[in-house]
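Data from my_file_26.csv: CSV, C-alpha atoms and all ligand atoms
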```
chain,number,residue,atom,x,y,z
X,202,MET,CA,21.1,-158.8,2.9
X,203,SER,CA,18.0,-158.0,4.9
X,204,PRO,CA,14.5,-158.7,3.5
X,205,ILE,CA,12.8,-155.9,1.6
X,206,HIS,CA,9.1,-155.8,2.6
X,207,VAL,CA,6.3,-154.0,0.7
X,208,THR,CA,6.5,-151.3,3.2
X,209,ARG,CA,8.5,-150.1,6.2
X,210,PRO,CA,7.0,-147.8,8.8
X,211,LEU,CA,7.9,-144.1,9.0
X,212,LEU,CA,9.4,-143.3,12.3
X,213,PRO,CA,10.7,-139.9,13.6
X,214,PRO,CA,14.0,-139.7,15.5
X,215,LEU,CA,13.3,-141.1,18.9
X,216,GLN,CA,14.8,-138.0,20.6
X,217,GLU,CA,12.0,-135.9,19.2
X,218,LEU,CA,9.4,-138.1,20.9
X,219,LEU,CA,11.1,-138.5,24.3
X,220,PRO,CA,10.1,-135.0,25.7
X,221,HIS,CA,6.5,-135.8,24.8
X,222,LEU,CA,6.7,-139.1,26.6
X,223,GLN,CA,8.2,-137.3,29.6
X,224,GLU,CA,5.2,-135.0,29.6
X,225,ILE,CA,2.8,-138.0,29.5
X,226,TRP,CA,4.6,-139.6,32.3
X,227,ASP,CA,4.6,-136.4,34.4
X,228,ARG,CA,0.9,-135.7,33.7
X,229,ARG,CA,-0.4,-139.3,33.9
X,230,ILE,CA,-3.2,-138.4,31.5
X,231,LEU,CA,-3.0,-141.4,29.2
X,232,ALA,CA,-6.3,-141.5,27.4
X,233,ASN,CA,-9.8,-139.8,27.0
X,234,ALA,CA,-9.1,-136.8,24.9
X,235,GLY,CA,-6.0,-135.6,26.8
X,236,PRO,CA,-3.8,-132.6,25.9
X,237,PHE,CA,-1.8,-134.4,23.2
X,238,HIS,CA,-5.1,-135.7,21.7
X,239,GLN,CA,-6.5,-132.2,21.5
X,240,ARG,CA,-3.3,-130.7,20.1
X,241,PHE,CA,-3.0,-133.4,17.4
X,242,GLU,CA,-6.6,-133.2,16.4
X,243,ALA,CA,-6.4,-129.5,15.9
X,244,ARG,CA,-3.1,-129.6,14.1
X,245,LEU,CA,-4.2,-132.4,11.8
X,246,THR,CA,-7.4,-130.7,10.9
X,247,GLU,CA,-5.4,-127.7,9.8
X,248,TYR,CA,-2.7,-129.7,8.1
X,249,LEU,CA,-5.2,-131.8,6.0
X,250,GLY,CA,-7.2,-128.7,5.1
X,251,VAL,CA,-10.5,-130.0,6.4
X,252,ASP,CA,-13.1,-128.5,8.8
X,253,HIS,CA,-14.2,-131.2,11.1
X,254,LEU,CA,-12.0,-134.2,12.2
X,255,SER,CA,-12.3,-136.7,15.0
X,256,LEU,CA,-9.3,-138.9,15.9
X,257,CYS,CA,-10.0,-142.6,16.4
X,258,SER,CA,-8.2,-145.8,17.4
X,259,ASN,CA,-8.0,-147.2,13.8
X,260,ALA,CA,-9.8,-146.9,10.5
X,261,THR,CA,-11.8,-150.1,10.9
X,262,VAL,CA,-13.5,-148.7,14.0
X,263,GLY,CA,-13.8,-145.3,12.3
X,264,LEU,CA,-15.7,-146.9,9.4
X,265,MET,CA,-17.9,-148.8,11.8
X,266,MET,CA,-18.8,-145.6,13.6
X,267,ALA,CA,-19.4,-143.7,10.3
X,268,LEU,CA,-21.8,-146.5,9.2
X,269,ARG,CA,-23.5,-147.2,12.5
X,270,ASP,CA,-24.3,-143.5,12.7
X,271,MET,CA,-26.9,-144.1,10.0
X,272,GLY,CA,-28.9,-146.4,12.3
X,273,GLY,CA,-31.3,-149.1,11.1
X,274,GLU,CA,-30.4,-151.7,8.6
X,275,GLY,CA,-30.2,-152.2,4.8
X,276,GLU,CA,-27.6,-152.4,2.1
X,277,VAL,CA,-24.3,-150.6,1.5
X,278,VAL,CA,-22.9,-150.6,-2.0
X,279,THR,CA,-19.1,-151.1,-2.0
X,280,THR,CA,-16.1,-152.3,-3.9
X,281,PRO,CA,-14.8,-155.9,-3.7
X,282,PHE,CA,-11.2,-154.6,-4.5
X,283,SER,CA,-10.1,-153.5,-1.0
X,284,PHE,CA,-8.8,-154.7,2.3
X,285,ALA,CA,-11.0,-156.9,4.5
X,286,ALA,CA,-11.8,-154.0,6.8
X,287,THR,CA,-14.0,-152.3,4.2
X,288,ALA,CA,-16.6,-155.1,4.0
X,289,HIS,CA,-16.1,-156.1,7.6
X,290,ALA,CA,-17.0,-152.6,8.9
X,291,ILE,CA,-20.2,-152.7,6.9
X,292,ALA,CA,-21.2,-156.1,8.4
X,293,TRP,CA,-20.2,-155.2,11.9
X,294,ALA,CA,-22.3,-152.0,11.7
X,295,GLY,CA,-25.3,-154.2,10.9
X,296,PHE,CA,-25.6,-153.7,7.1
X,297,THR,CA,-25.3,-156.0,4.1
X,298,PRO,CA,-22.5,-155.3,1.7
X,299,VAL,CA,-23.5,-155.2,-2.0
X,300,PHE,CA,-20.5,-155.4,-4.3
X,301,ALA,CA,-20.2,-153.4,-7.5
X,302,ASP,CA,-17.5,-153.6,-10.0
X,303,VAL,CA,-14.5,-151.2,-10.4
X,304,GLU,CA,-13.2,-149.1,-13.3
X,305,PRO,CA,-10.4,-150.6,-15.3
X,306,GLU,CA,-8.1,-147.6,-15.1
X,307,SER,CA,-8.3,-146.6,-11.4
X,308,LEU,CA,-9.6,-149.8,-9.9
X,309,ASN,CA,-12.0,-147.7,-7.9
X,310,LEU,CA,-15.8,-148.1,-7.8
X,311,ASP,CA,-17.4,-147.7,-11.2
X,312,PRO,CA,-20.3,-145.2,-10.8
X,313,GLU,CA,-22.3,-147.0,-13.5
X,314,ALA,CA,-21.9,-150.3,-11.6
X,315,VAL,CA,-23.0,-148.5,-8.4
X,316,GLU,CA,-26.2,-147.3,-10.1
X,317,ARG,CA,-27.0,-150.9,-11.2
X,318,ALA,CA,-26.4,-152.2,-7.7
X,319,LEU,CA,-28.9,-149.8,-6.0
X,320,THR,CA,-32.1,-151.2,-4.6
X,321,PRO,CA,-34.9,-149.8,-2.4
X,322,ARG,CA,-32.9,-151.2,0.6
X,323,THR,CA,-29.7,-149.2,-0.3
X,324,ARG,CA,-28.7,-146.8,2.5
X,325,ALA,CA,-25.2,-145.8,1.6
X,326,ILE,CA,-22.2,-146.0,-0.8
X,327,LEU,CA,-18.9,-146.9,0.8
X,328,ALA,CA,-16.2,-146.1,-1.8
X,329,VAL,CA,-12.5,-146.6,-1.3
X,330,HIS,CA,-9.7,-144.3,-2.7
X,331,CYS,CA,-7.7,-147.4,-3.4
X,332,TYR,CA,-3.9,-146.9,-3.3
X,333,GLY,CA,-4.7,-143.3,-2.6
X,334,HIS,CA,-6.1,-142.9,-6.2
X,335,VAL,CA,-9.1,-140.5,-6.1
X,336,CYS,CA,-12.5,-142.0,-6.8
X,337,ASP,CA,-14.9,-140.4,-9.3
X,338,VAL,CA,-16.0,-138.1,-6.5
X,339,GLU,CA,-18.3,-136.0,-8.7
X,340,ARG,CA,-20.3,-138.8,-10.1
X,341,LEU,CA,-20.5,-140.7,-6.9
X,342,GLY,CA,-21.6,-137.5,-5.2
X,343,GLU,CA,-24.4,-137.0,-7.8
X,344,ILE,CA,-25.7,-140.5,-7.4
X,345,ALA,CA,-25.7,-140.2,-3.6
X,346,ARG,CA,-27.4,-136.8,-3.7
X,347,SER,CA,-30.1,-137.7,-6.2
X,348,ARG,CA,-31.0,-140.9,-4.3
X,349,GLY,CA,-30.8,-139.5,-0.8
X,350,LEU,CA,-28.0,-141.9,0.1
X,351,LYS,CA,-25.1,-141.4,2.5
X,352,LEU,CA,-21.7,-141.3,0.8
X,353,ILE,CA,-18.8,-142.5,2.9
X,354,TYR,CA,-15.2,-142.8,1.8
X,355,ASP,CA,-12.7,-145.3,3.1
X,356,ALA,CA,-9.7,-143.0,2.8
X,357,ALA,CA,-7.4,-145.4,4.6
X,358,HIS,CA,-4.8,-144.9,1.8
X,359,ALA,CA,-5.5,-141.2,1.1
X,360,PHE,CA,-3.6,-139.2,3.7
X,361,GLY,CA,-2.8,-135.8,2.2
X,362,VAL,CA,-4.3,-136.6,-1.2
X,363,CYS,CA,-5.9,-133.6,-3.0
X,364,TRP,CA,-8.4,-133.5,-5.9
X,365,ARG,CA,-8.4,-130.2,-7.9
X,366,GLU,CA,-6.2,-128.7,-5.2
X,367,ARG,CA,-8.5,-129.3,-2.3
X,368,SER,CA,-8.3,-132.2,0.1
X,369,VAL,CA,-10.1,-135.2,-1.2
X,370,LEU,CA,-11.4,-135.7,2.3
X,371,ARG,CA,-13.8,-132.8,1.7
X,372,HIS,CA,-15.9,-135.1,-0.5
X,373,GLY,CA,-18.8,-137.2,0.7
X,374,ASP,CA,-20.5,-137.1,4.1
X,375,LEU,CA,-17.6,-138.8,5.9
X,376,SER,CA,-14.1,-140.0,5.1
X,377,VAL,CA,-12.0,-142.3,7.2
X,378,LEU,CA,-8.2,-142.3,7.4
X,379,SER,CA,-5.9,-145.0,8.7
X,380,PHE,CA,-2.7,-144.3,10.6
X,381,HIS,CA,-1.7,-147.9,10.8
X,382,ALA,CA,2.0,-148.7,10.8
X,383,THR,CA,1.9,-149.6,7.1
X,384,LYS,CA,0.4,-146.3,6.0
X,385,VAL,CA,2.0,-143.1,4.5
X,386,PHE,CA,1.4,-141.5,7.9
X,387,ASN,CA,1.3,-143.6,11.1
X,388,THR,CA,0.7,-143.4,14.8
X,389,PHE,CA,1.5,-147.1,15.2
X,390,GLU,CA,-2.3,-147.7,15.1
X,391,GLY,CA,-4.8,-144.9,14.7
X,392,GLY,CA,-7.1,-143.1,12.4
X,393,ALA,CA,-9.4,-140.2,11.9
X,394,ILE,CA,-12.9,-139.5,10.7
X,395,VAL,CA,-13.5,-136.4,8.6
X,396,ALA,CA,-17.0,-135.0,8.7
X,397,ALA,CA,-18.8,-132.6,6.5
X,398,ASP,CA,-20.4,-130.6,9.3
X,399,PRO,CA,-19.9,-129.9,13.0
X,400,ALA,CA,-23.0,-131.9,14.2
X,401,THR,CA,-21.6,-135.0,12.6
X,402,LYS,CA,-18.2,-134.5,14.2
X,403,GLN,CA,-19.9,-134.1,17.6
X,404,ARG,CA,-21.8,-137.4,17.0
X,405,MET,CA,-18.5,-139.1,16.1
X,406,ASP,CA,-16.8,-137.7,19.2
X,407,ARG,CA,-19.5,-139.2,21.3
X,408,LEU,CA,-19.7,-142.5,19.5
X,409,ARG,CA,-16.0,-143.1,20.0
X,410,ASN,CA,-16.4,-142.5,23.7
X,411,PHE,CA,-19.2,-145.0,24.5
X,412,GLY,CA,-21.9,-142.4,23.7
X,413,ILE,CA,-21.0,-140.4,26.8
X,414,VAL,CA,-22.5,-136.9,26.8
X,415,ASP,CA,-21.5,-136.0,30.3
X,416,GLU,CA,-21.2,-137.5,33.7
X,417,HIS,CA,-25.0,-138.1,33.9
X,418,ALA,CA,-25.9,-139.0,30.3
X,419,ILE,CA,-24.9,-141.7,27.8
X,420,GLU,CA,-26.7,-141.6,24.5
X,421,GLY,CA,-26.9,-144.2,21.7
X,422,LEU,CA,-24.8,-147.2,21.0
X,423,GLY,CA,-21.2,-146.0,21.5
X,424,LEU,CA,-18.0,-148.0,21.6
X,425,ASN,CA,-14.4,-147.5,22.5
X,426,GLY,CA,-12.8,-145.9,19.4
X,427,LYS,CA,-10.5,-143.4,21.2
X,428,MET,CA,-6.9,-142.6,20.3
X,429,ASN,CA,-4.6,-142.7,23.3
X,430,GLU,CA,-2.0,-140.0,24.3
X,431,PHE,CA,1.0,-142.0,23.1
X,432,CYS,CA,-0.4,-142.3,19.6
X,433,ALA,CA,-1.5,-138.6,19.6
X,434,ALA,CA,2.0,-137.4,20.7
X,435,LEU,CA,3.6,-139.6,18.1
X,436,GLY,CA,1.2,-138.2,15.5
X,437,LEU,CA,2.3,-134.6,16.3
X,438,VAL,CA,5.9,-135.5,15.8
X,439,GLN,CA,5.3,-137.5,12.7
X,440,LEU,CA,3.5,-134.5,11.1
X,441,ASP,CA,6.9,-132.7,11.0
X,442,HIS,CA,8.3,-135.5,8.8
X,443,VAL,CA,5.5,-136.6,6.6
X,444,GLU,CA,6.1,-134.2,3.7
X,445,GLN,CA,9.7,-135.3,3.3
X,446,ALA,CA,8.5,-138.9,3.5
X,447,ILE,CA,6.0,-138.2,0.7
X,448,ASP,CA,8.7,-136.6,-1.4
X,449,GLU,CA,10.9,-139.6,-1.0
X,450,ARG,CA,8.0,-141.8,-2.0
X,451,ARG,CA,7.5,-139.6,-5.1
X,452,GLN,CA,11.1,-140.2,-6.2
X,453,ILE,CA,10.8,-143.9,-5.8
X,454,ASP,CA,7.5,-143.9,-7.6
X,455,GLN,CA,9.1,-142.0,-10.5
X,456,ARG,CA,12.0,-144.3,-10.7
X,457,TYR,CA,9.8,-147.4,-10.9
X,458,ARG,CA,7.6,-145.7,-13.5
X,459,ARG,CA,10.6,-144.7,-15.6
X,460,GLU,CA,12.2,-148.2,-15.4
X,461,LEU,CA,9.2,-150.4,-15.8
X,462,SER,CA,6.7,-148.6,-18.1
X,463,GLU,CA,8.4,-150.0,-21.2
X,464,VAL,CA,8.4,-153.6,-20.0
X,465,PRO,CA,6.0,-155.5,-22.3
X,466,GLY,CA,3.0,-156.9,-20.4
X,467,LEU,CA,3.4,-154.7,-17.3
X,468,ARG,CA,1.1,-151.8,-16.5
X,469,CYS,CA,1.8,-149.2,-13.8
X,470,LEU,CA,-1.4,-147.7,-12.4
X,471,GLY,CA,-1.4,-143.9,-12.9
X,472,TRP,CA,-3.5,-140.9,-11.8
X,473,ARG,CA,-6.1,-138.8,-13.4
X,474,ASP,CA,-5.3,-135.1,-14.2
X,475,GLY,CA,-6.3,-133.1,-11.1
X,476,GLU,CA,-4.9,-135.6,-8.5
X,477,THR,CA,-2.2,-134.7,-6.0
X,478,PRO,CA,-1.0,-138.2,-5.0
X,479,ASN,CA,0.7,-139.4,-1.8
X,480,PHE,CA,2.5,-142.4,-3.5
X,481,ALA,CA,1.1,-144.8,-0.9
X,482,TYR,CA,1.5,-147.9,-3.1
X,483,PHE,CA,3.1,-149.0,-6.3
X,484,PRO,CA,0.7,-151.5,-7.9
X,485,ILE,CA,1.6,-153.1,-11.3
X,486,LEU,CA,-0.7,-155.3,-13.4
X,487,VAL,CA,1.0,-158.3,-14.9
X,488,ASP,CA,-0.6,-159.2,-18.3
X,489,PRO,CA,0.0,-162.5,-20.3
X,490,ALA,CA,2.4,-160.5,-22.6
X,491,TYR,CA,4.8,-160.3,-19.7
X,492,GLY,CA,5.6,-164.0,-20.1
X,493,ILE,CA,5.1,-165.3,-16.6
X,494,THR,CA,2.2,-164.9,-14.3
X,495,ARG,CA,1.8,-162.5,-11.4
X,496,ASP,CA,2.2,-165.3,-8.9
X,497,ALA,CA,5.4,-166.5,-10.6
X,498,LEU,CA,6.8,-163.0,-10.5
X,499,GLN,CA,5.9,-162.7,-6.8
X,500,THR,CA,7.7,-166.1,-6.1
X,501,ARG,CA,10.7,-165.0,-8.1
X,502,LEU,CA,11.0,-161.8,-6.1
X,503,ARG,CA,10.5,-163.7,-2.8
X,504,GLU,CA,13.4,-166.0,-3.7
X,505,HIS,CA,15.5,-162.9,-3.4
X,506,ASP,CA,13.9,-161.9,-0.1
X,507,ILE,CA,11.8,-159.2,-1.8
X,508,HIS,CA,8.3,-159.3,-0.5
X,509,ALA,CA,5.9,-157.7,-3.0
X,510,ARG,CA,2.2,-158.1,-2.0
X,511,ARG,CA,-1.0,-159.0,-3.8
X,512,TYR,CA,-3.1,-156.0,-2.6
X,513,PHE,CA,-6.0,-156.9,-3.1
X,514,SER,CA,-6.4,-160.5,-3.7
X,515,PRO,CA,-8.6,-162.4,-2.9
X,516,LEU,CA,-11.5,-160.1,-3.6
X,517,LEU,CA,-13.7,-159.3,-0.6
X,518,SER,CA,-16.5,-161.0,-2.6
X,519,ASP,CA,-14.5,-164.2,-2.5
X,520,LEU,CA,-14.2,-164.3,1.3
X,521,PRO,CA,-16.2,-167.0,3.1
X,522,ALA,CA,-18.1,-164.2,5.0
X,523,TYR,CA,-19.5,-162.7,1.7
X,524,ARG,CA,-19.3,-165.2,-1.1
X,525,HIS,CA,-22.9,-166.3,-0.6
X,526,LEU,CA,-24.2,-162.9,-1.5
X,527,PRO,CA,-25.8,-162.5,-4.9
X,528,SER,CA,-23.6,-159.5,-5.7
X,529,ALA,CA,-20.5,-161.6,-5.0
X,530,SER,CA,-21.0,-163.6,-8.2
X,531,PRO,CA,-17.8,-163.4,-10.4
X,532,SER,CA,-19.9,-162.5,-13.4
X,533,ASN,CA,-20.9,-159.3,-11.6
X,534,LEU,CA,-17.3,-158.3,-11.0
X,535,PRO,CA,-15.2,-159.0,-14.1
X,536,VAL,CA,-12.9,-156.0,-13.9
X,537,ALA,CA,-12.2,-156.5,-10.2
X,538,ALA,CA,-11.6,-160.2,-10.7
X,539,GLY,CA,-9.2,-159.5,-13.6
X,540,ALA,CA,-7.2,-157.0,-11.4
X,541,ALA,CA,-7.1,-159.3,-8.4
X,542,SER,CA,-5.5,-162.0,-10.5
X,543,ARG,CA,-2.9,-159.7,-12.0
X,544,VAL,CA,-2.0,-157.1,-9.4
X,545,LEU,CA,1.2,-156.9,-7.4
X,546,CYS,CA,2.3,-154.1,-5.1
X,547,LEU,CA,6.1,-153.4,-5.2
X,548,PRO,CA,8.1,-152.3,-2.2
X,549,LEU,CA,7.7,-148.5,-1.7
X,550,PHE,CA,8.7,-146.7,1.5
X,551,PRO,CA,10.9,-143.8,2.6
X,552,GLY,CA,14.4,-145.2,3.0
X,553,LEU,CA,14.2,-147.8,0.2
X,554,ARG,CA,17.8,-147.6,-1.1
X,555,VAL,CA,18.4,-146.8,-4.8
X,556,ASP,CA,20.6,-149.9,-5.2
X,557,ASP,CA,17.8,-152.1,-3.7
X,558,GLN,CA,15.3,-150.5,-6.0
X,559,ASP,CA,17.6,-151.1,-9.0
X,560,ARG,CA,17.8,-154.7,-7.9
X,561,ILE,CA,14.0,-155.0,-7.8
X,562,VAL,CA,13.7,-153.4,-11.2
X,563,GLU,CA,16.4,-155.7,-12.7
X,564,LEU,CA,14.8,-158.8,-11.3
X,565,ILE,CA,11.4,-157.8,-12.8
X,566,ARG,CA,12.9,-157.1,-16.2
X,567,ASP,CA,14.8,-160.4,-16.2
X,568,ALA,CA,11.8,-162.5,-15.0
X,569,GLY,CA,9.6,-161.6,-17.9
X,570,GLY,CA,9.6,-164.1,-20.8
X,601,LIG,N1,-9.4,-149.8,4.6
X,601,LIG,C1,-8.4,-150.0,3.7
X,601,LIG,C2,-8.6,-149.8,2.3
X,601,LIG,C3,-7.2,-150.6,4.2
X,601,LIG,O1,-6.2,-150.9,3.4
X,601,LIG,C4,-7.1,-150.8,5.6
X,601,LIG,C5,-5.8,-151.3,6.1
X,601,LIG,C6,-8.1,-150.5,6.5
X,601,LIG,C7,-9.3,-149.9,5.9
X,601,LIG,C8,-8.1,-150.6,7.9
X,601,LIG,O2,-7.2,-149.8,8.5
X,601,LIG,P1,-6.8,-150.0,10.1
X,601,LIG,O3,-8.0,-150.4,10.8
X,601,LIG,O4,-5.7,-151.0,10.1
X,601,LIG,O5,-6.4,-148.6,10.5
X,601,LIG,C9,-1.7,-154.3,6.0
X,601,LIG,C10,-2.2,-153.5,7.2
X,601,LIG,O6,-2.1,-154.3,8.4
X,601,LIG,C11,-3.5,-152.9,7.0
X,601,LIG,O7,-3.7,-151.9,8.0
X,601,LIG,C12,-3.7,-152.3,5.6
X,601,LIG,N2,-5.0,-151.8,5.3
X,601,LIG,C13,-3.3,-153.4,4.6
X,601,LIG,C14,-3.4,-152.8,3.2
X,601,LIG,O8,-2.0,-153.8,4.8
X,601,LIG,P2,-1.2,-156.9,6.0
X,601,LIG,O9,-2.0,-158.1,6.4
X,601,LIG,O10,-0.6,-156.9,4.6
X,601,LIG,O11,-0.1,-156.5,7.1
X,601,LIG,P3,1.3,-157.1,7.3
X,601,LIG,O12,1.4,-157.3,8.8
X,601,LIG,O13,1.5,-158.3,6.5
X,601,LIG,O14,2.3,-155.9,6.9
X,601,LIG,C15,2.8,-155.7,5.6
X,601,LIG,C16,4.3,-155.5,5.7
X,601,LIG,O15,4.5,-154.3,6.3
X,601,LIG,C17,5.0,-156.5,6.4
X,601,LIG,O16,5.4,-157.5,5.5
X,601,LIG,C18,6.2,-155.8,7.0
X,601,LIG,C19,5.7,-154.4,7.1
X,601,LIG,N3,5.4,-154.0,8.5
X,601,LIG,C20,4.2,-154.2,9.0
X,601,LIG,C21,3.9,-153.8,10.3
X,601,LIG,C22,2.6,-154.0,10.9
X,601,LIG,C23,6.5,-153.4,9.2
X,601,LIG,O17,7.6,-153.3,8.8
X,601,LIG,N4,6.2,-153.0,10.5
X,601,LIG,C24,5.0,-153.2,11.1
X,601,LIG,O18,4.8,-152.8,12.3
X,601,LIG,O19,-2.2,-155.6,6.1
```

For this file, write the structure as structure tokens.
Ligand code: T4K
Amino acid sequence: MSPIHVTRPLLPPLQELLPHLQEIWDRRILANAGPFHQRFEARLTEYLGVDHLSLCSNATVGLMMALRDMGGEGEVVTTPFSFAATAHAIAWAGFTPVFADVEPESLNLDPEAVERALTPRTRAILAVHCYGHVCDVERLGEIARSRGLKLIYDAAHAFGVCWRERSVLRHGDLSVLSFHATKVFNTFEGGAIVAADPATKQRMDRLRNFGIVDEHAIEGLGLNGKMNEFCAALGLVQLDHVEQAIDERRQIDQRYRRELSEVPGLRCLGWRDGETPNFAYFPILVDPAYGITRDALQTRLREHDIHARRYFSPLLSDLPAYRHLPSASPSNLPVAAGAASRVLCLPLFPGLRVDDQDRIVELIRDAGG
């Protein structure tokens, strides 16, 4: 039996991509906002229901650009319960991360903890729609507006997610998507920055291309954050398949939920009313009542070549780069710390076979004490 990983990339039939590759080969335009880049950017903007979107090379660079666009220095309040890219982007952009705790239900930033973390040096809030679950966008929006702060969303997990029937990417000043191989929608590597207004999109377009305005002028501190023609062509083809992929994800999610929700000591993370999810991850929280620990359950599954992952443990506040920060103190982050010690993300991807999922469920049921 082959191993079952936490995810497996979505790939379209190769034949659908080959004509696009032929076009690239014929044209020899490989990069720098070529024809596939332009077509994919336009189609994705429409598909996601947003107004202003800039493709980029990956979400980490997208976050760095979104943050660096603020200029200057200061603090950015963020969650410790995320992938390393979230805090690293803040640091690379020249700001200091300040960690605030998360809410117990969603494991997203707790607006009250955000308020407590604000200081005169705060410049922005960087919230993460963790697992594609929608942050408390209304309250975070109010806090940012009333304090004159930028509100940026790490939407790496939130491709296609809606809140109250509109794209969640319409909230905040900027939202950044990831199209990494492991995501609901992938272009091998890639990402996009969604902006609230055309002027911000124009700044993002320049930033990702070294700050080049035209042949004679380069403004500001740009970098190379461009998506290439191969990734853009793949993105166009992937768009034709992503809805079916999300539907398959929904069915797998529902089966896990049905089979695991009654297991004592296990909690499946759910959504708030008003969310249209993308089923990006299937996190469970393993409580003492389950009988064995999260780590023991992960090991048990691994013995059967099933590779569930501890997204997100360790907390960002425990990483050597950040643990010296006053906000990284465990007493400041009890909810996040509890989740990091109990969370396990189960395999979830289009193509996960029903019999394999049944096997995973059975192992989890049997492993509990
Ligand atoms: N913000 C958030 C909240 C994020 O979660 C991420 C990325 C980012 C920002 C940054 O986005 P990008 O700059 O990457 O666009 C994985 C991904 O590498 C990472 O992109 C992702 N978050 C994170 C949650 O998960 P690892 O270290 O777990 O990856 P890895 O290589 O162990 O892959 C996990 C499993 O996926 C493997 O066991 C097998 C499978 N896999 C992976 C790859 C790369 C495949 O089957 N094929 C593949 O090509 O971080």

Do you know which residues lie at most 7 Å from (-14.9, -136.5, 8.7), with coordinates as in the file and only C-alpha atoms counted, and could you write them as JSON, numbers by chain?
{"X": [253, 254, 255, 375, 376, 377, 394, 395, 396, 397, 402]}

Residues contacting ligand LIG 601 (chain X) - anything with an atom at most 7 Å away, using only C-alpha atoms and all ligand atoms - can you give me those as a list in words?
His206, Val207, Thr208, Arg209, Pro210, Asn259, Ala260, Thr261, Val262, Ser283, Phe284, Ala286, Thr287, Val329, Cys331, Asp355, Ala356, Ala357, His358, Ser379, Phe380, His381, Ala382, Thr383, Glu390, Gly391, Gly392, His508 and Tyr512 of chain X

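Considering the residues X:Glu339, X:Asp567, X:Asp506, X:Asp496 and counting only C-alpha atoms, Val544 in chain X has its shortest atom-to-atom contact with X:Asp496.
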
Using only C-alpha atoms, pick whichever of X:Ala541, X:Leu256, X:Leu498, X:Leu211 has the shortest atom-to-atom distance to Arg511 in chain X.
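With only C-alpha atoms as the atom set, the closest residue is X:Ala541.
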
Write out as number ranges by chain the residues lying within 9 Å of range 217-219 of chain X, counting all atoms listed in the file and excluding same-chain residues fewer than 5 positions away.
X: 224, 434-435, 438

Could you check the closest approach to Ile291 in chain X for each of X:Pro312, X:Gly539, X:Gly263, X:Gly361 and tell me which residue wins, using all atoms listed in the file?
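Once distances to Ile291 in chain X are computed over all atoms listed in the file, the minimum belongs to X:Gly263.
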
Taking into account all atoms listed in the file, which residue in the set X:Asp454, X:Glu563, X:Asp519, X:Glu274 is nearest to Ala481 in chain X?
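Smallest separation from Ala481 in chain X among the options: X:Asp454.
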
With distances taken over only C-alpha atoms, which residue among X:Arg365, X:Arg451, X:Arg543, X:Arg473 lies nearest Ile485 in chain X?
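Checking each of X:Arg365, X:Arg451, X:Arg543, X:Arg473 against Ile485 in chain X, counting only C-alpha atoms, the winner is X:Arg543.
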
Take range 335-346 of chain X, bring it up to N, CA and C atoms, and give me the output as a compact mmCIF listing (two decimals), in the frame of the given file.
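As a result, result06.txt now contains:
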```txt
# COMPACT_ATOMS: atom_id res chain seq x y z
N VAL X 335 -7.82 -141.19 -6.46
CA VAL X 335 -9.10 -140.50 -6.10
C VAL X 335 -10.25 -141.20 -6.91
N CYS X 336 -11.33 -141.51 -6.18
CA CYS X 336 -12.50 -142.00 -6.80
C CYS X 336 -13.17 -140.97 -7.71
N ASP X 337 -14.12 -141.38 -8.51
CA ASP X 337 -14.90 -140.40 -9.30
C ASP X 337 -15.85 -139.70 -8.37
N VAL X 338 -15.28 -138.74 -7.60
CA VAL X 338 -16.00 -138.10 -6.50
C VAL X 338 -17.25 -137.35 -7.01
N GLU X 339 -17.14 -136.77 -8.21
CA GLU X 339 -18.30 -136.00 -8.70
C GLU X 339 -19.47 -136.88 -9.01
N ARG X 340 -19.20 -137.96 -9.75
CA ARG X 340 -20.30 -138.80 -10.10
C ARG X 340 -20.89 -139.58 -8.95
N LEU X 341 -20.03 -140.04 -8.08
CA LEU X 341 -20.50 -140.70 -6.90
C LEU X 341 -21.36 -139.75 -6.04
N GLY X 342 -20.89 -138.50 -5.96
CA GLY X 342 -21.60 -137.50 -5.20
C GLY X 342 -23.00 -137.24 -5.78
N GLU X 343 -23.05 -137.19 -7.11
CA GLU X 343 -24.40 -137.00 -7.80
C GLU X 343 -25.32 -138.11 -7.50
N ILE X 344 -24.80 -139.34 -7.61
CA ILE X 344 -25.70 -140.50 -7.40
C ILE X 344 -26.20 -140.47 -5.95
N ALA X 345 -25.31 -140.21 -4.98
CA ALA X 345 -25.70 -140.20 -3.60
C ALA X 345 -26.77 -139.11 -3.34
N ARG X 346 -26.50 -137.92 -3.88
CA ARG X 346 -27.40 -136.80 -3.70
C ARG X 346 -28.78 -137.07 -4.28
```
